[in-house]
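**Q** Please read through the structure below; I'll follow up with questions.
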Number of protein chains: 2
Amino acid sequence: MEVWKEYLETNKQRFLDELLDLLRIPSVSADSKYKGDVARCADAVQAAMLAAGCTKAEVCPTAGHPIVYGEIIVDEKLPTVLVYGHYDVQPADPLDLWHSGPFDPVIKDGKIYARGACDDKGQMYMHIKALEVMVKTNTLPCNVKLMIEGEEEVGSDNLGIFVEANKEKLKADIVLISDTSMISMENPSIESGLRGLAYMEVEVTGPDRDLHSGVYGGAVANPINQLCKMIASLHDENNHITIPGFYDKVLDLKAEERDELNKAPFDLDEYKKDLKVDEVWGEKGYTVLERTGTRPTLDVNGIWGGYTGEGAKTVLPSKAYAKISMRLVPNQISKEISNLFADHFKKIAPEGVTVKVTPHHGGEPVVTPTDSPAYQAAARAIKATFGKDPIPTRGGGSIPIVALFESVLGLKTVLLGFGLDNDNIHSPNEKYDVFNYYKGIETIPYFHKFFAESKA
Amino acid sequence: MEVWKEYLETNKQRFLDELLDLLRIPSVSADSKYKGDVARCADAVQAAMLAAGCTKAEVCPTAGHPIVYGEIIVDEKLPTVLVYGHYDVQPADPLDLWHSGPFDPVIKDGKIYARGACDDKGQMYMHIKALEVMVKTNTLPCNVKLMIEGEEEVGSDNLGIFVEANKEKLKADIVLISDTSMISMENPSIESGLRGLAYMEVEVTGPDRDLHSGVYGGAVANPINQLCKMIASLHDENNHITIPGFYDKVLDLKAEERDELNKAPFDLDEYKKDLKVDEVWGEKGYTVLERTGTRPTLDVNGIWGGYTGEGAKTVLPSKAYAKISMRLVPNQISKEISNLFADHFKKIAPEGVTVKVTPHHGGEPVVTPTDSPAYQAAARAIKATFGKDPIPTRGGGSIPIVALFESVLGLKTVLLGFGLDNDNIHSPNEKYDVFNYYKGIETIPYFHKFFAESKA
C-alpha cells in the first residue's frame, strides 16, 4: 500500500471533521449580508493551506470577495500543478425545503448534507488534504499552487483581474479542478467539456404604478402577461431558441462524436423516475446526453411580479422581472450571446411596455482534449483507485475560469470531479458522499504522480 | 340651505378626524396576521353606527371576518334603504412605494392618503355620517339598514350565507352602495354596470426538486418557461382570450349602446400620460371605455418561481406559480368561467410538467337599469349637489354582492360612488379627496329624500 494511503487511513476522521467545520461558515457570495462570513471562510482556507504544509498562503483582497493563494515549491525544475477551487457557495433558499440546516452539516447514510458539501467546499478541500497527505509522507512529486476563489457562484468577476495581474506567480504546467461530477462510483468519468454561460436579468414596465385590474384590466398592457409572452417566444415548437444568430457559431458534433457520447451509461427511465417527471423535455433531434452536454439552452432561473402573498389581490402591476440564463457550447462567446439576447429581448417588447436588460455574468464554453498527457494522467489515477477506465463525458455546467486560464495563462485544465448528479448542488439538501470525499483524497496523489512522471 | 347642510358644515372637522381614526386600523382581510385588527375595525364600525343614531347595531360573527349590521326604523310603512359597504382593505404592499405609512393617514393637497381611504372605508363612512346628519336634524325620510362586511377584498365568502339566513331582517326597497368612482368632479357619473370576477391560482411542477440549470438545463421542462408559455397562449394575436367557450355567453352591445358609452368624456392622450405608457393595449375592435366597461379580460395578478433574490443563481426550479383573474361581463357566470379556465389550463400543460388549479373567489357581473325610480333618485341627488346630470357609465371593477342581492333578496342596487379612477385603490398611495368625502355626505341625504318621495 502506498504510504500516503496509510496516512489517509489514520487521519480519516479528522479530515472529515475539518470539512464539517468549513461547511459551518455560510460563505454565500451572492448576498451582501454574508460578506463577513465569506471573509471568515477565506481565512479558514488560508489556515488549512498552512496546516497542510504550504510554504506560503495569503488572502488576496479583490474588489469583491478575496482569493486565497497558497503554494509549495519542491523544486523549480519539477512540473507545477495549479489547483483551482472555490470556497463560496450558492444561496441556501428555499430554506423550508431543507431537512437539516444548510450550514449545520449532518452525516446521514454516509452522506454529508450541507450547502457547499459538494460544490465546491468538499471537492476543493480534498486537494488541501491530499496535499497534506503527500507533504507529511514525503511523496509530493511536483510543485503545487492553489488558487481558491470566493466569487465562483456570482461569476468570478475579479478572478480575471487577479490572474492577469499574477501571471508569473501562477505559472504552471496544468490546471487541476474538482468541481464537476461523475456518472456514478461504478462508472467513473471525467468531464472533457463544459458549457459556457450568459446570465441576464430583465425588467418589464407597463403603467408607472400598480393599478386596479378591474378599473384598468383589458385596456393597459400587463407587464407580467407581456413578459410571459416574450419568454414563451424564446423557444419555437421544436424547443430551438429563437434569438437571431444564437446558433451561428455552434459547432455541430460529428456523427462519431455523438456515438461516443451516447455510449455513456444512461437509463432514461431511471432519469425520469429520479426527477419524478413523466417526460423529459428538450431540443428536438437530440438525446438527453447531447442536450445537456453539447447543445446550448435557455432557462428562466427566477420570475416575479405583482401580488405573491396569501389570498387574492386584483392588481395590474407596474413591473415584472425575470432572471434568464443561457448555457453555451463551443464556439459561442458569452458576451456576444448576451448582446444578441439583449437586442432581441428589447426588440420583441410589445407596445405599452418598456424593457430593461442587465447582464449578470458569463463564462466561455471549453473542451479539454482527451489525448493530452494531463488527461491521461487523470485517467490513470482513476483507474488506479476505481479499478476501471473513466468514461469521457460532456458536462452541462459552466466553470468560466477554464476558458480564462487557457487565454491568459495558456494552460489546459483537467476536470477531476468526484460529485454525483444527484448531489443537489444549487438545491435544498445538497450532499456529498463521505466515500467520494475520501476517494478524491486518495486519487489526487496518483494524478500528481502520473502527471509528474509524464513530464519527466 | 337644507338644515342637514348646516349640521354638516358645523361638524366637518370631526367627521374627517373620525374617518382618519378608522383608517388607522389595518383591517387587511387577505392576511391572517391582521385578524385581530379586522375584528377591532368591526367594533369601531358598530360604535360609529350607534353614535350616528342607529337604534340597533351588532357585530355578527361569520366563519371568516364579522359583518356589522345596524338599523334605524323610522316607520314600518316608509320605504327602506339597505346600505352596503365594507370595512376591510386590500394588502398594502409593496410598502416601499408608499410616500407615507398606509395606516398612518395624512392629508396632503386636500387628499387623504391611506389604504382604504377610498376603497371602501372613506365611502362607506360617508353613509354613517350622512345618517347622523339626518337623524340629528330630524330629516331622515325613510328607514335605513346598514350592512358593512369585512371580506369584500377576499371574495365575500360568508356574506352570501349571512344574507340567505337574514332575508327578513334585510328586507328593503333598494340597495345603496358607494364603492365605485366618478369620471371627475366636473363630470359626475353613476356606474350602471359592473364586471364580474373569477380569480384562480395555478401551480406548475416540473422536476420534484430544484435542479442545477447547467447539469439539467435543456433536458428537463422548466416550470417557469412552461408557465410563461401557457399564460402567453391565453391571448391570441388580437388579444382575444383563447379559452374555449369563454365568450359563449357574452352579450354583445348594440351599436347605440356603444355610441352612448363612448360619449363619456375620455381623453386617450391624457389617459396614456397619466399612466406613463406609450400605447394602450387591449382587445382588437374595441375602445378603451368598451374594453374596461363591457368586455371580459384576463390578467396575471402575480407570478413567482425560482430564485428572486439579489445576484444570480443558476437554478432550474421545481415549481412556478401565478395568480390569474378574469373580469366577466353579462351573462358570463363566474363558476362556469372558473371551470372553463381550470379545464383548459390543465389541458394545455406541456409534457414534463403537472398543473394544479385552485379557484380563489368570484363574483357575477351586473347591469343596473337607468330608468328605475332608484337610479333616477340618485341622478337627481347628483344634480342637486353637483349642478349637472350624471353620465351613466360601465365600471370595470366587480362588486360580487350586487348580483347576490338581486338573486337572494330580489333587490336592485344603486351605485352612488364618489371615488376617482386615480385614487390608487389596490395600489400604493391610495387616496380620497376630502372634497369628495364631504360631497358624498352632502349628496346621500338627497338620495334618501328623492327615493322616499318616489315611493310615496
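Letters A, B, ... mark the chains of the C-alpha cells in the order given; residue numbers begin at 1 per chain; ligand numbers begin at 1, in order shown.
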For Pro26 (chain A), please output as number ranges by chain all residues within 8 Å (counting only C-alpha atoms; exclusion window: fewer than 2 positions along the same chain).

**A** A: 23-24, 28, 34, 37-38, 89, 103

**Q** Identify all chain B residues at most 6 Å from chain A by counting only C-alpha atoms; ligands do not count. Present them as a PyMOL selection string.

**A** chain B and resi 30+207-208+210-212+214-215+218-221+228-229+232+275-282+288+291-292+297+301-308+311+315-316+351-352+396-397+426-427

**Q** With only C-alpha atoms as the counted atoms, please give the residues lying no more than 8 Å from Val357 (chain A), apart from itself and same-chain residues fewer than 3 positions off, as a list in words.

**A** Met200, Glu201, Val202, Glu203, Ala342, Phe345 and Lys346 of chain A

**Q** Please produce a file of those selected residues containing N, CA, C and O atoms, as a PDB file, in the first residue's frame.

**A**
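And here is the file that came out, part_0.pdb:
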ATOM      1  N   MET A 200     -28.763  36.831 -17.571  1.00  0.00           N
ATOM      2  CA  MET A 200     -29.364  38.147 -17.763  1.00  0.00           C
ATOM      3  C   MET A 200     -30.495  38.380 -16.756  1.00  0.00           C
ATOM      4  O   MET A 200     -31.151  37.442 -16.334  1.00  0.00           O
ATOM      5  N   GLU A 201     -30.705  39.641 -16.430  1.00  0.00           N
ATOM      6  CA  GLU A 201     -31.901  39.988 -15.651  1.00  0.00           C
ATOM      7  C   GLU A 201     -32.726  40.959 -16.485  1.00  0.00           C
ATOM      8  O   GLU A 201     -32.173  41.893 -17.063  1.00  0.00           O
ATOM      9  N   VAL A 202     -34.034  40.728 -16.556  1.00  0.00           N
ATOM     10  CA  VAL A 202     -34.893  41.610 -17.350  1.00  0.00           C
ATOM     11  C   VAL A 202     -35.975  42.227 -16.467  1.00  0.00           C
ATOM     12  O   VAL A 202     -36.440  41.612 -15.507  1.00  0.00           O
ATOM     13  N   GLU A 203     -36.303  43.454 -16.805  1.00  0.00           N
ATOM     14  CA  GLU A 203     -37.347  44.185 -16.073  1.00  0.00           C
ATOM     15  C   GLU A 203     -38.319  44.733 -17.104  1.00  0.00           C
ATOM     16  O   GLU A 203     -37.906  45.446 -18.016  1.00  0.00           O
ATOM     17  N   ALA A 342     -29.956  40.644 -25.405  1.00  0.00           N
ATOM     18  CA  ALA A 342     -30.437  41.977 -25.014  1.00  0.00           C
ATOM     19  C   ALA A 342     -31.101  42.681 -26.201  1.00  0.00           C
ATOM     20  O   ALA A 342     -32.207  43.230 -26.076  1.00  0.00           O
ATOM     21  N   PHE A 345     -34.422  40.850 -26.995  1.00  0.00           N
ATOM     22  CA  PHE A 345     -35.454  40.996 -25.967  1.00  0.00           C
ATOM     23  C   PHE A 345     -36.065  42.403 -26.001  1.00  0.00           C
ATOM     24  O   PHE A 345     -37.270  42.565 -25.801  1.00  0.00           O
ATOM     25  N   LYS A 346     -35.233  43.375 -26.252  1.00  0.00           N
ATOM     26  CA  LYS A 346     -35.764  44.739 -26.357  1.00  0.00           C
ATOM     27  C   LYS A 346     -36.621  44.882 -27.610  1.00  0.00           C
ATOM     28  O   LYS A 346     -37.636  45.567 -27.601  1.00  0.00           O
TER      29      LYS A 346
END

**Q** Do a neighbour search on Ile441 (chain A) at 9 Å with only C-alpha atoms, toss out local chain neighbours closer than 2 positions, and write the hits as a PyMOL selection string.

**A** chain A and resi 8+125-131+133+436-439+443-445

**Q** Atoms to include: C-alpha atoms. Write the selected residues as a short mmCIF file (atom, residue, chain, number, x, y, z; two decimals), in the first residue's frame.

**A**
data_model
loop_
_atom_site.label_atom_id
_atom_site.label_comp_id
_atom_site.auth_asym_id
_atom_site.auth_seq_id
_atom_site.Cartn_x
_atom_site.Cartn_y
_atom_site.Cartn_z
CA LEU A 8 -5.13 8.95 4.94
CA TYR A 125 -10.87 20.63 0.45
CA MET A 126 -9.87 17.21 -0.92
CA HIS A 127 -6.94 18.96 -2.60
CA ILE A 128 -5.77 20.58 0.60
CA LYS A 129 -6.00 17.24 2.41
CA ALA A 130 -4.29 15.36 -0.47
CA LEU A 131 -1.51 17.92 -0.30
CA VAL A 133 -1.02 13.57 2.81
CA ASN A 436 -16.45 10.18 -2.63
CA TYR A 437 -14.66 12.66 -0.38
CA TYR A 438 -12.14 10.02 0.71
CA LYS A 439 -11.91 8.60 -2.81
CA THR A 443 -6.96 9.66 -6.18
CA ILE A 444 -5.40 13.13 -6.29
CA PRO A 445 -1.86 11.97 -5.27
#

**Q** Select, from A:Leu253, A:Asp17, A:Ser100, A:Val366, the residue with the minimum atom-to-atom distance to Glu406 (chain A), counting only C-alpha atoms.

**A**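 Once distances to Glu406 (chain A) are computed over only C-alpha atoms, the minimum belongs to A:Val366.
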
**Q** Can you tell me which residues surround Ile148 (chain A) at a distance of at most 8 Å, considering only C-alpha atoms, apart from same-chain residues fewer than 6 positions away, and format the answer as a list in words?

**A**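 The filter keeps Ile67, Val68, Tyr69, Val83, Tyr84, Gly85, His86, Tyr87 and Met124 of chain A.
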
**Q** As a PyMOL selection string, please: every residue in region 216-418 of chain A that DSSP puts in strand (DSSP E or B).

**A** chain A and resi 235+241+297-306+315-316+319-328+354-363+366-367+391-394+413-415

**Q** Could the residues in this selection be saved with N, CA and C atoms as a short mmCIF file (atom, residue, chain, number, x, y, z; two decimals), in the first residue's frame?

**A**
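As written to disk, part_17.cif reads:
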data_model
loop_
_atom_site.label_atom_id
_atom_site.label_comp_id
_atom_site.auth_asym_id
_atom_site.auth_seq_id
_atom_site.Cartn_x
_atom_site.Cartn_y
_atom_site.Cartn_z
N HIS A 235 -38.49 30.18 -27.38
CA HIS A 235 -38.34 28.83 -27.92
C HIS A 235 -39.40 28.61 -29.00
N ILE A 241 -34.00 27.66 -29.75
CA ILE A 241 -34.01 29.03 -29.27
C ILE A 241 -34.12 29.98 -30.46
N THR A 297 -28.64 26.12 -24.27
CA THR A 297 -30.01 26.13 -23.72
C THR A 297 -30.36 27.50 -23.18
N LEU A 298 -31.64 27.68 -22.87
CA LEU A 298 -32.11 28.92 -22.26
C LEU A 298 -33.13 28.56 -21.18
N ASP A 299 -32.87 28.99 -19.95
CA ASP A 299 -33.77 28.69 -18.84
C ASP A 299 -34.08 29.96 -18.05
N VAL A 300 -35.34 30.08 -17.63
CA VAL A 300 -35.68 31.13 -16.67
C VAL A 300 -35.31 30.60 -15.29
N ASN A 301 -34.44 31.29 -14.59
CA ASN A 301 -33.99 30.85 -13.26
C ASN A 301 -34.82 31.45 -12.14
N GLY A 302 -35.55 32.53 -12.47
CA GLY A 302 -36.41 33.15 -11.48
C GLY A 302 -37.36 34.12 -12.15
N ILE A 303 -38.56 34.28 -11.59
CA ILE A 303 -39.53 35.23 -12.15
C ILE A 303 -40.34 35.78 -10.99
N TRP A 304 -40.68 37.05 -11.05
CA TRP A 304 -41.51 37.62 -10.00
C TRP A 304 -42.17 38.92 -10.47
N GLY A 305 -43.34 39.19 -9.88
CA GLY A 305 -44.08 40.40 -10.21
C GLY A 305 -45.48 40.33 -9.64
N GLY A 306 -46.06 41.51 -9.30
CA GLY A 306 -47.42 41.57 -8.80
C GLY A 306 -47.55 41.05 -7.39
N VAL A 315 -54.56 43.14 -8.62
CA VAL A 315 -53.66 44.20 -9.04
C VAL A 315 -53.19 43.96 -10.48
N LEU A 316 -53.06 45.05 -11.20
CA LEU A 316 -52.40 45.01 -12.51
C LEU A 316 -51.07 45.70 -12.22
N LYS A 319 -44.65 46.45 -12.72
CA LYS A 319 -43.42 45.81 -13.19
C LYS A 319 -43.44 44.29 -13.04
N ALA A 320 -42.66 43.64 -13.89
CA ALA A 320 -42.42 42.20 -13.77
C ALA A 320 -40.95 41.95 -14.10
N TYR A 321 -40.38 40.93 -13.45
CA TYR A 321 -38.95 40.67 -13.57
C TYR A 321 -38.67 39.20 -13.85
N ALA A 322 -37.54 38.94 -14.49
CA ALA A 322 -37.08 37.55 -14.63
C ALA A 322 -35.56 37.51 -14.70
N LYS A 323 -35.02 36.40 -14.19
CA LYS A 323 -33.60 36.09 -14.36
C LYS A 323 -33.55 34.97 -15.39
N ILE A 324 -32.81 35.19 -16.45
CA ILE A 324 -32.79 34.24 -17.57
C ILE A 324 -31.34 33.91 -17.90
N SER A 325 -31.00 32.62 -17.93
CA SER A 325 -29.62 32.28 -18.28
C SER A 325 -29.55 31.34 -19.46
N MET A 326 -28.46 31.43 -20.18
CA MET A 326 -28.23 30.58 -21.33
C MET A 326 -26.93 29.82 -21.13
N ARG A 327 -26.97 28.50 -21.37
CA ARG A 327 -25.76 27.68 -21.34
C ARG A 327 -25.21 27.65 -22.76
N LEU A 328 -23.92 27.85 -22.88
CA LEU A 328 -23.30 27.99 -24.20
C LEU A 328 -22.37 26.83 -24.50
N THR A 354 -42.05 48.85 -21.50
CA THR A 354 -40.65 49.11 -21.80
C THR A 354 -39.82 48.02 -21.12
N VAL A 355 -38.65 47.77 -21.66
CA VAL A 355 -37.84 46.64 -21.19
C VAL A 355 -36.42 47.10 -20.86
N LYS A 356 -35.93 46.63 -19.71
CA LYS A 356 -34.55 46.89 -19.33
C LYS A 356 -33.85 45.53 -19.20
N VAL A 357 -32.68 45.39 -19.78
CA VAL A 357 -31.94 44.13 -19.72
C VAL A 357 -30.57 44.38 -19.09
N THR A 358 -30.25 43.65 -18.04
CA THR A 358 -28.96 43.81 -17.37
C THR A 358 -28.23 42.46 -17.36
N PRO A 359 -27.01 42.40 -17.92
CA PRO A 359 -26.28 41.14 -17.85
C PRO A 359 -25.72 40.93 -16.45
N HIS A 360 -25.81 39.70 -15.92
CA HIS A 360 -25.20 39.39 -14.63
C HIS A 360 -23.76 38.95 -14.80
N HIS A 361 -23.54 37.76 -15.31
CA HIS A 361 -22.17 37.32 -15.53
C HIS A 361 -22.16 36.25 -16.60
N GLY A 362 -20.99 35.94 -17.07
CA GLY A 362 -20.91 34.96 -18.13
C GLY A 362 -19.66 34.13 -18.01
N GLY A 363 -19.54 33.18 -18.90
CA GLY A 363 -18.35 32.33 -18.93
C GLY A 363 -18.30 31.65 -20.27
N VAL A 366 -15.79 25.34 -22.86
CA VAL A 366 -14.47 24.77 -23.15
C VAL A 366 -14.57 23.28 -23.45
N VAL A 367 -13.57 22.81 -24.17
CA VAL A 367 -13.41 21.37 -24.40
C VAL A 367 -11.97 21.04 -24.05
N ILE A 391 -14.94 7.15 -18.21
CA ILE A 391 -15.63 7.49 -19.47
C ILE A 391 -15.53 9.00 -19.67
N PRO A 392 -15.09 9.46 -20.83
CA PRO A 392 -15.09 10.91 -21.04
C PRO A 392 -16.52 11.41 -21.30
N THR A 393 -16.95 12.46 -20.58
CA THR A 393 -18.31 12.99 -20.77
C THR A 393 -18.25 14.49 -21.06
N ARG A 394 -19.41 15.02 -21.42
CA ARG A 394 -19.53 16.46 -21.61
C ARG A 394 -20.43 17.01 -20.51
N THR A 413 -6.80 22.54 -18.77
CA THR A 413 -7.38 22.17 -17.48
C THR A 413 -7.82 20.71 -17.49
N VAL A 414 -7.61 20.04 -16.36
CA VAL A 414 -8.19 18.70 -16.18
C VAL A 414 -9.28 18.81 -15.12
N LEU A 415 -10.45 18.26 -15.46
CA LEU A 415 -11.60 18.34 -14.55
C LEU A 415 -11.76 17.00 -13.84
#

**Q** Using only C-alpha atoms, which protein or nucleic acid residues come within 8 Å of region 157-164 of chain B? Drop anything in the same chain fewer than 2 positions from it, and give the result as a VMD selection string.

**A** chain B and resid 62 to 64 67 149 151 154 to 155 166 to 167 170 361 401 404 408 to 409

**Q** Can you spit out the residues from that selection as a PDB file, in the first residue's frame, using N, CA and C atoms?

**A**
ATOM      1  N   THR B  62     -69.053  35.451  11.564  1.00  0.00           N
ATOM      2  CA  THR B  62     -69.216  34.533  10.428  1.00  0.00           C
ATOM      3  C   THR B  62     -68.071  33.524  10.521  1.00  0.00           C
ATOM      4  N   ALA B  63     -67.998  32.628   9.555  1.00  0.00           N
ATOM      5  CA  ALA B  63     -66.872  31.684   9.530  1.00  0.00           C
ATOM      6  C   ALA B  63     -65.568  32.414   9.239  1.00  0.00           C
ATOM      7  N   GLY B  64     -65.674  33.642   8.713  1.00  0.00           N
ATOM      8  CA  GLY B  64     -64.478  34.448   8.443  1.00  0.00           C
ATOM      9  C   GLY B  64     -64.503  35.698   9.298  1.00  0.00           C
ATOM     10  N   ILE B  67     -69.567  40.577  10.077  1.00  0.00           N
ATOM     11  CA  ILE B  67     -70.381  41.555   9.350  1.00  0.00           C
ATOM     12  C   ILE B  67     -71.000  42.472  10.398  1.00  0.00           C
ATOM     13  N   GLU B 149     -69.518  44.753   5.565  1.00  0.00           N
ATOM     14  CA  GLU B 149     -68.815  43.471   5.731  1.00  0.00           C
ATOM     15  C   GLU B 149     -67.293  43.638   5.797  1.00  0.00           C
ATOM     16  N   GLU B 151     -65.110  41.185   4.332  1.00  0.00           N
ATOM     17  CA  GLU B 151     -64.447  40.209   3.454  1.00  0.00           C
ATOM     18  C   GLU B 151     -64.614  40.544   1.970  1.00  0.00           C
ATOM     19  N   VAL B 154     -61.631  39.779  -0.229  1.00  0.00           N
ATOM     20  CA  VAL B 154     -61.252  38.375  -0.380  1.00  0.00           C
ATOM     21  C   VAL B 154     -62.417  37.533  -0.890  1.00  0.00           C
ATOM     22  N   GLY B 155     -63.413  38.182  -1.513  1.00  0.00           N
ATOM     23  CA  GLY B 155     -64.439  37.414  -2.203  1.00  0.00           C
ATOM     24  C   GLY B 155     -65.766  37.262  -1.481  1.00  0.00           C
ATOM     25  N   ASN B 166     -80.702  35.822   6.684  1.00  0.00           N
ATOM     26  CA  ASN B 166     -81.314  37.014   7.287  1.00  0.00           C
ATOM     27  C   ASN B 166     -82.187  37.789   6.301  1.00  0.00           C
ATOM     28  N   LYS B 167     -82.900  37.028   5.475  1.00  0.00           N
ATOM     29  CA  LYS B 167     -83.725  37.668   4.445  1.00  0.00           C
ATOM     30  C   LYS B 167     -84.732  38.644   5.034  1.00  0.00           C
ATOM     31  N   LEU B 170     -83.169  41.842   6.410  1.00  0.00           N
ATOM     32  CA  LEU B 170     -82.577  42.694   5.374  1.00  0.00           C
ATOM     33  C   LEU B 170     -83.609  43.221   4.383  1.00  0.00           C
ATOM     34  N   HIS B 361     -61.808  33.258  -5.617  1.00  0.00           N
ATOM     35  CA  HIS B 361     -63.182  33.691  -5.392  1.00  0.00           C
ATOM     36  C   HIS B 361     -63.731  34.284  -6.667  1.00  0.00           C
ATOM     37  N   ILE B 401     -71.377  41.217  -4.616  1.00  0.00           N
ATOM     38  CA  ILE B 401     -72.567  41.210  -3.790  1.00  0.00           C
ATOM     39  C   ILE B 401     -73.806  41.754  -4.517  1.00  0.00           C
ATOM     40  N   LEU B 404     -75.709  39.060  -5.939  1.00  0.00           N
ATOM     41  CA  LEU B 404     -76.274  38.265  -4.848  1.00  0.00           C
ATOM     42  C   LEU B 404     -77.550  38.913  -4.304  1.00  0.00           C
ATOM     43  N   VAL B 408     -80.939  36.782  -4.191  1.00  0.00           N
ATOM     44  CA  VAL B 408     -81.434  36.302  -2.890  1.00  0.00           C
ATOM     45  C   VAL B 408     -82.506  37.229  -2.312  1.00  0.00           C
ATOM     46  N   LEU B 409     -82.276  38.538  -2.377  1.00  0.00           N
ATOM     47  CA  LEU B 409     -83.221  39.478  -1.760  1.00  0.00           C
ATOM     48  C   LEU B 409     -84.187  40.096  -2.769  1.00  0.00           C
TER      49      LEU B 409
END

**Q** Which residue gives the smallest distance to Ala377 (chain A) among A:Glu2, A:Asp43, A:Glu453, A:Asp269, with only C-alpha atoms counted?

**A** A:Glu453

**Q** Quote the spacing between CA of Gly245 (chain B) and CA of Gln332 (chain B) in Å to one decimal place.

**A** 10.3 Å

**Q** Could you tell me how far CA of Thr370 (chain A) sits from CA of Asp389 (chain A), in Å to one decimal place?

**A**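 Calculated distance between CA of Asp389 (chain A) and CA of Thr370 (chain A) is 12.5 Å.
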
**Q** Which one of A:Thr139, A:Gln46, A:Ser156, A:Ser184 sits closest to Asp433 (chain A) if you count only C-alpha atoms?

**A**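 Residue with the minimum atom-to-atom distance to Asp433 (chain A): A:Ser184.
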
**Q** Mind pulling up the distance from CA of Phe386 (chain B) to CA of Gly53 (chain B)?

**A**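 About the pair CA of Gly53 (chain B) and CA of Phe386 (chain B): they are 27.5 Å apart.
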